[in-house]
Amino acid sequence: MVKIGTLRRAPEIVAVFAKHGFAGYIKDLGLAEKIPFTRWGAKEQNVKGEQLRRALEELGPTFMKLGQFLSTRTDLLPPSWTDPLAKLQNSAPAMPYEAIKKIVESEAGQPLEDWLIYMEEIPLGAASIGQVHRAALKDGTEVAIKIRRPGIEPVIRNDVSILRQLANLAERNSELARQISLKAIIDDFAAALGREMNYRMEAMEAVSVRDLMKEKRIYVPRIFPEWTTERMLVMEFVSGKSLRGDVIAAIEVEERRELARALSETVLRQVFIDGIFHADPHPGNLLLLKDGRLGLIDFGNTGRLSDDMKHLLSDCLFALADRDAASLSMLVLEMGARKPIERRLLQRDISRWMAGYMDIELADVQMGAMLQELFMVAGSHHITIPKDFVQVGQAFLKVEQTVIALDPGSSLSGMVRDMAHEVLMGRVHPKEMMRESRSFLRLFKMAAVKLPGILNETLNEWEGGQPKLKMHLTADDNMMRRIERMASLIVLSVIMLAFSIIMAGIFVSMGNQSPISDSNTYHIALITALIMTILFMTVLYLMWRRIK
């Protein structure tokens, strides 16, 4: 059932998308006939990502964040859609200083002057969710304080709730929505947005990356956990310039080459060895510090890989290096499929995709773009790419662009090849093998303990001539829809039978009376029949829509 909040906001959302030319998509998703007040004759247009970007900007901060999230889903959308979405600017007007001061004092639990020497009134930056101010602690340490905008939580919570309701409605009425798993996409977006809004989680990720950092040319600012809360992040202020074109041009060639190497090795080590990586290393999050190092900032978007996922990813890259389409197809299938997959067709498409790289050395391949293409091939076969792998692809794509700008002759793929030896040695390291052996022994012990009891129970059943076969059927969405449709048809049949009986009784009573002799009774019966007919037709229409 559509909730009241959706009834207020959903028509506005649908109307904005229709205004920007998405009426056809709204119809394909089954929303045009289901959301009240949205039935108009909007013409379908040949829309692309630019129109979607403008629609999301008009709908506000939650939808701008949704656009940024969708720009990373290259397994679902082609570059003509993701590229414009990646340009969404998450800027917003600055909040008044007095409002910021109240939030800082509330989160710190004491007046500003008790723990800060100063806090600059003009912010370093203002976005739709947070705002950053430069300040100094009592010991003189300069810090950057990021504050979450007041009142943004209920807005985002309401919008996310509406998106979930619309996704549920779409999956009930649209095969397209079910094919792309729209509800799962919105759930992933809501989880990512929740992590980004929780500054304690961002602080924990920054601390983890800092503790694991081995590269001396890359600097991660310190976090001050004693002052950090869910709504306020206090971290070391680092003075530097964003690593953009004019800044890069001013760096000496040899220095640029060293920075490119340091940045590449850092991201690769984070992904393949540490298992925690900065998922958004674009030039705005990289600062050239005064001492020549690169400062890595903004840890609101980080990824984590389990050991199994690290192994799966490294195996994919090794299969790519060996041009082994069969192995790569099996590895891609391990990522997870939304429906039964035709393995031969998948292997054929991967072979065709790989053929484009046959005559190119892996060192000359752009790893980020190559992974994006692989994700698109997997998505065309309804294979769900884990969000962590999607983040890896985005991290590679963004860092590769920066690395090439620093040193056009460098290659992330070449460094992957050079790191392959270290990755392989890590997997055969005695400590890693001991860990896997302990895990295997634990699982084997659990199975061995249960096996005698299971065998004894099975033999007793066979000996008594009463073997049991247990089956578990999982009701998927399609089965539940069929059951619901059958129930609706039964209810409709009962209603039609009841209507027929009532109308027959009314007409029999009317037939026993003369319209002249007892006009009031006759008219009452006639009006009753008319009202019953209208009610019946209304119920019939509503049931028909539900069955449809």
# chains A, B, ... in the order shown; residues from 1 in each chain; ligands from 1

$ residues_around --residues "Arg164 in chain A" --least-positions-apart "4" --cutoff "8 Å" --atoms "only C-alpha atoms" --output "short mmCIF file (atom, residue, chain, number, x, y, z; two decimals) with all heavy atoms, in the first residue's frame"
data_model
loop_
_atom_site.label_atom_id
_atom_site.label_comp_id
_atom_site.auth_asym_id
_atom_site.auth_seq_id
_atom_site.Cartn_x
_atom_site.Cartn_y
_atom_site.Cartn_z
N VAL A 160 14.51 8.70 1.07
CA VAL A 160 14.92 7.31 0.92
C VAL A 160 13.73 6.38 1.13
O VAL A 160 13.56 5.38 0.41
CB VAL A 160 16.06 6.97 1.90
CG1 VAL A 160 16.30 5.46 1.96
CG2 VAL A 160 17.35 7.68 1.49
N ASN A 168 9.54 -0.76 -4.54
CA ASN A 168 8.65 -1.90 -4.27
C ASN A 168 7.48 -1.92 -5.25
O ASN A 168 7.09 -2.97 -5.78
CB ASN A 168 8.13 -1.83 -2.83
CG ASN A 168 9.19 -2.18 -1.81
OD1 ASN A 168 10.11 -2.93 -2.11
ND2 ASN A 168 9.08 -1.64 -0.61
N LYS A 183 14.89 -2.76 -6.11
CA LYS A 183 14.88 -2.65 -4.64
C LYS A 183 16.28 -2.82 -4.07
O LYS A 183 16.67 -2.10 -3.15
CB LYS A 183 13.94 -3.71 -4.04
CG LYS A 183 12.46 -3.44 -4.28
CD LYS A 183 11.58 -4.31 -3.39
CE LYS A 183 11.72 -5.77 -3.73
NZ LYS A 183 10.76 -6.62 -2.98
N ILE A 186 18.31 0.41 -4.57
CA ILE A 186 17.95 1.46 -3.61
C ILE A 186 18.47 1.11 -2.22
O ILE A 186 18.93 1.99 -1.48
CB ILE A 186 16.42 1.67 -3.59
CG1 ILE A 186 15.92 2.15 -4.96
CG2 ILE A 186 16.03 2.67 -2.52
CD1 ILE A 186 16.56 3.43 -5.44
N ASP A 187 18.42 -0.16 -1.84
CA ASP A 187 18.95 -0.57 -0.53
C ASP A 187 20.46 -0.31 -0.45
O ASP A 187 20.96 0.16 0.58
CB ASP A 187 18.66 -2.06 -0.29
CG ASP A 187 17.20 -2.33 0.03
OD1 ASP A 187 16.49 -1.37 0.39
OD2 ASP A 187 16.77 -3.49 -0.10
#

$ residues_around --residues "range 117-131 of chain A" --least-positions-apart "2" --cutoff "7 Å" --atoms "only C-alpha atoms" --output "list in words"
Pro61, Asn90, Ser91, Ala92, Pro93, Ala94, Tyr97, Glu113, Trp115, His133, Arg134, Ala135, Ala136, Leu137, Lys138, Lys146, Ile147, Arg148, Arg149 and Ile152 of chain A

$ closest_residue --among "A:Lys450, A:His311, A:Lys214, A:Arg257" --to "Arg269 in chain A" --atoms "only C-alpha atoms"
A:Lys214

$ residues_around --residues "Ile180 in chain A" --least-positions-apart "3" --cutoff "8 Å" --atoms "only C-alpha atoms" --output "list in words"
Leu76, Leu176, Ala177 and His382 of chain A

$ closest_residue --among "A:Leu77, A:Leu112, A:Val403, A:Met232" --to "Pro150 in chain A" --atoms "only C-alpha atoms"
A:Met232

$ closest_residue --among "A:Arg344, A:Arg217, A:Lys398, A:Arg222" --to "Leu288 in chain A" --atoms "only C-alpha atoms"
A:Arg217

$ residues_around --residues "Phe189 in chain A" --least-positions-apart "3" --cutoff "7 Å" --atoms "only C-alpha atoms" --output "compact mmCIF listing (two decimals) with N, CA and C atoms, in the first residue's frame"
# COMPACT_ATOMS: atom_id res chain seq x y z
N LEU A 66 21.99 10.13 -5.15
CA LEU A 66 21.59 8.96 -5.91
C LEU A 66 22.26 8.96 -7.28
N PHE A 69 25.79 7.99 -6.91
CA PHE A 69 25.87 6.54 -6.68
C PHE A 69 25.67 5.77 -7.99
N ILE A 185 19.08 -2.13 -5.55
CA ILE A 185 19.86 -0.93 -5.89
C ILE A 185 19.58 0.18 -4.88
N ILE A 186 18.31 0.41 -4.57
CA ILE A 186 17.95 1.46 -3.61
C ILE A 186 18.47 1.11 -2.22
N ALA A 192 24.93 3.10 1.56
CA ALA A 192 26.08 3.95 1.28
C ALA A 192 25.87 5.36 1.80
N LEU A 193 24.66 5.88 1.63
CA LEU A 193 24.37 7.23 2.12
C LEU A 193 24.39 7.29 3.65

$ atom_distance --atom1 "CA of Val416 in chain A" --atom2 "CA of Arg261 in chain A"
11.7 Å
